2 protein chains.
Amino acid sequence: MARRSIGARRNPASQEAILDAAEAVLREAGIAGFSIEAVARRARAGKPTIYRWWPHRTALMLDVYKRFKNSRSFPDTGTLRGDLVSFLEHHLLGFWKGNLCGTVYRALVAEAQTDPEAAKVLIAYQAERKAFSARIVDRAKARGEVPEATDSALLVDLVVSYAWHQLLLDQLEEAMTHAPAVVDVILGGVPGYRG
Amino acid sequence: MARRSIGARRNPASQEAILDAAEAVLREAGIAGFSIEAVARRARAGKPTIYRWWPHRTALMLDVYKRFKNSRSFPDTGTLRGDLVSFLEHHLLGFWKGNLCGTVYRALVAEAQTDPEAAKVLIAYQAERKAFSARIVDRAKARGEVPEATDSALLVDLVVSYAWHQLLLDQLEEAMTHAPAVVDVILGGVPGYRG
């Protein structure tokens, strides 16, 4: 067997423990009280241990966020319209509305506006999520609901953009009621448009 | 004549001088160096004078931003598609890309995520701008391009959402090339969609 450096691998147990501590700090102290130092104290870990895995607080916050996200099921209703409405209403807006995640995600977006390292983390995460979410449109292509040439990325981008905008303007609740209308415009355009 | 309180009216000359100073501070020191104190120093004004007109730095930043925005002409190409493409490509994405405004607006959005006063200012500004921008769709109704029942606010919201998302992910340049495709989806839906 090849020698492996133990230091180079993450230790799943400790990593989970630190994410648990990070989540607890976020719940109790909010974004303003969230720091690598506070998480280290809570986890009874050394700051260097945390920094070895997460280079800055934004990366750690994002991993707490991802853990919530990954525990959610992804929409698969059998139709493109059903999937997109569910994606927008529950996977994005409702997910942010219901728990700590909306607050954490708003903070991530905010930090990315002034901190280039945070921006890199958020942009990479967005690219990864959108590639994943484009499966909704790809499945619709396989079913013949939309032509092969449909720009999956653009459709996902429009839905995610709408959701972000509502989150950042603190209008999640109202936006959830608009989710079917938003998807209907994106799929079918403006009824009666004569361009 | 009714008595008027001089103190209650803004003095246009001084207000412009302070906005000039605020713009100069933003250009030279960036968002990080922008403070009421720095603007007061630059304008040779007292901090209380500035605070009387602008309760916090976000409100002052927004007024600098608005001054840029108001100096731009609003699209009126004669067609809904032309107006929306111009609105998205030049009035939003290109406006943010070309000058200080994108950086200032990103900072405004970021501050609104953690500061409730900044959020109020941004939400009020957005509501005002969107009501104004809905004229694009209202003119199209008058021309018979879209039915009277068309949800003007929703169409504007979709275009603005897309623009915000691209600004916040620092993808303005690429987004500008997608502007016509974005508008075509919003107006016409997905070509060949069989829902």
# chains A, B, ... in the order shown; residues from 1 in each chain; ligands from 1
>>> interface_residues(of="chain B", to="chain A", cutoff="6 Å", atoms="only C-alpha atoms", output="VMD selection string")
chain B and resid 106 110 113 145 to 146 161 to 162 165 186 to 190 192 to 194
>>> residues_around(residues="stretch 36-40 of chain A", least_positions_apart="4", cutoff="9 Å", atoms="only C-alpha atoms", output="list of chain:residue names")
A:Ile18, A:Leu19, A:Ala21, A:Ala22, A:Glu23, A:Ala24, A:Val25, A:Arg44, A:Ala45, A:Gly46, A:Lys47, A:Thr49, A:Ile50, A:Tyr51, A:His56, A:Arg57, A:Leu60
>>> atom_distance(atom1="atom CA of A:His91", atom2="atom CA of A:Ser73")
8.3 Å
>>> closest_residue(among="A:Gly98, A:Asp76, A:Ala118, A:Met61", to="A:Asp138", atoms="only C-alpha atoms")
A:Asp76
>>> closest_residue(among="B:Ala59, B:Glu16, B:Gly78, B:Val121", to="B:Ala142", atoms="only C-alpha atoms")
B:Gly78
>>> select_by_dssp(residues="stretch 62-135 of chain A", states="helix (DSSP H, G or I)", output="PyMOL selection string")
chain A and resi 62-70+80-98+100-112+116-133+135
>>> atom_distance(atom1="atom CA of A:Arg135", atom2="atom CA of A:Ala175")
23.6 Å
>>> residues_around(residues="B:Gly94", least_positions_apart="6", cutoff="9 Å", atoms="only C-alpha atoms", output="ChimeraX atom specification")
/B:88,172-173,176
>>> write_last_selection(atoms="N, CA, C and O atoms", output="mmCIF file, in the first residue's frame")
data_model
loop_
_atom_site.group_PDB
_atom_site.id
_atom_site.type_symbol
_atom_site.label_atom_id
_atom_site.label_comp_id
_atom_site.auth_asym_id
_atom_site.auth_seq_id
_atom_site.Cartn_x
_atom_site.Cartn_y
_atom_site.Cartn_z
ATOM 1 N N LEU B 88 -32.165 45.839 -19.856
ATOM 2 C CA LEU B 88 -31.293 44.847 -19.214
ATOM 3 C C LEU B 88 -29.820 45.068 -19.575
ATOM 4 O O LEU B 88 -28.952 45.105 -18.702
ATOM 5 N N LEU B 172 -21.003 40.369 -15.125
ATOM 6 C CA LEU B 172 -21.738 41.350 -15.930
ATOM 7 C C LEU B 172 -21.418 41.232 -17.414
ATOM 8 O O LEU B 172 -22.309 41.285 -18.259
ATOM 9 N N GLU B 173 -20.135 41.077 -17.706
ATOM 10 C CA GLU B 173 -19.718 41.080 -19.107
ATOM 11 C C GLU B 173 -20.375 39.928 -19.870
ATOM 12 O O GLU B 173 -20.968 40.129 -20.933
ATOM 13 N N MET B 176 -24.144 40.389 -20.347
ATOM 14 C CA MET B 176 -24.571 41.335 -21.384
ATOM 15 C C MET B 176 -24.779 40.626 -22.715
ATOM 16 O O MET B 176 -25.686 40.970 -23.474
#
>>> residues_around(residues="A:Ser71", least_positions_apart="6", cutoff="12 Å", atoms="only C-alpha atoms", output="list in words")
Val64, Tyr65, His91 and Phe95 of chain A
>>> write_last_selection(atoms="all heavy atoms", output="short mmCIF file (atom, residue, chain, number, x, y, z; two decimals), in the first residue's frame")
data_model
loop_
_atom_site.label_atom_id
_atom_site.label_comp_id
_atom_site.auth_asym_id
_atom_site.auth_seq_id
_atom_site.Cartn_x
_atom_site.Cartn_y
_atom_site.Cartn_z
N VAL A 64 -21.72 24.63 6.49
CA VAL A 64 -22.90 24.46 7.35
C VAL A 64 -24.16 24.53 6.47
O VAL A 64 -25.06 23.69 6.57
CB VAL A 64 -22.97 25.56 8.44
CG1 VAL A 64 -24.28 25.47 9.22
CG2 VAL A 64 -21.78 25.45 9.39
N TYR A 65 -24.16 25.51 5.59
CA TYR A 65 -25.29 25.70 4.69
C TYR A 65 -25.51 24.47 3.80
O TYR A 65 -26.63 23.98 3.65
CB TYR A 65 -25.03 26.94 3.83
CG TYR A 65 -26.11 27.24 2.84
CD1 TYR A 65 -27.25 27.93 3.21
CD2 TYR A 65 -25.98 26.87 1.51
CE1 TYR A 65 -28.25 28.22 2.29
CE2 TYR A 65 -26.97 27.15 0.58
CZ TYR A 65 -28.09 27.83 0.98
OH TYR A 65 -29.07 28.12 0.06
N HIS A 91 -37.40 24.28 -2.79
CA HIS A 91 -35.95 24.04 -2.71
C HIS A 91 -35.19 25.34 -2.48
O HIS A 91 -34.14 25.35 -1.84
CB HIS A 91 -35.48 23.36 -3.99
CG HIS A 91 -34.25 22.55 -3.83
ND1 HIS A 91 -34.23 21.33 -3.20
CD2 HIS A 91 -32.95 22.81 -4.17
CE1 HIS A 91 -33.00 20.86 -3.18
NE2 HIS A 91 -32.20 21.73 -3.75
N PHE A 95 -36.89 26.87 1.50
CA PHE A 95 -35.70 26.42 2.23
C PHE A 95 -35.08 27.59 2.99
O PHE A 95 -34.73 27.49 4.16
CB PHE A 95 -34.71 25.83 1.23
CG PHE A 95 -33.37 25.46 1.82
CD1 PHE A 95 -33.27 24.45 2.77
CD2 PHE A 95 -32.22 26.11 1.40
CE1 PHE A 95 -32.03 24.10 3.30
CE2 PHE A 95 -30.98 25.76 1.92
CZ PHE A 95 -30.89 24.76 2.87
#
>>> atom_distance(atom1="atom CA of B:Val85", atom2="atom CA of B:Gly102")
18.8 Å
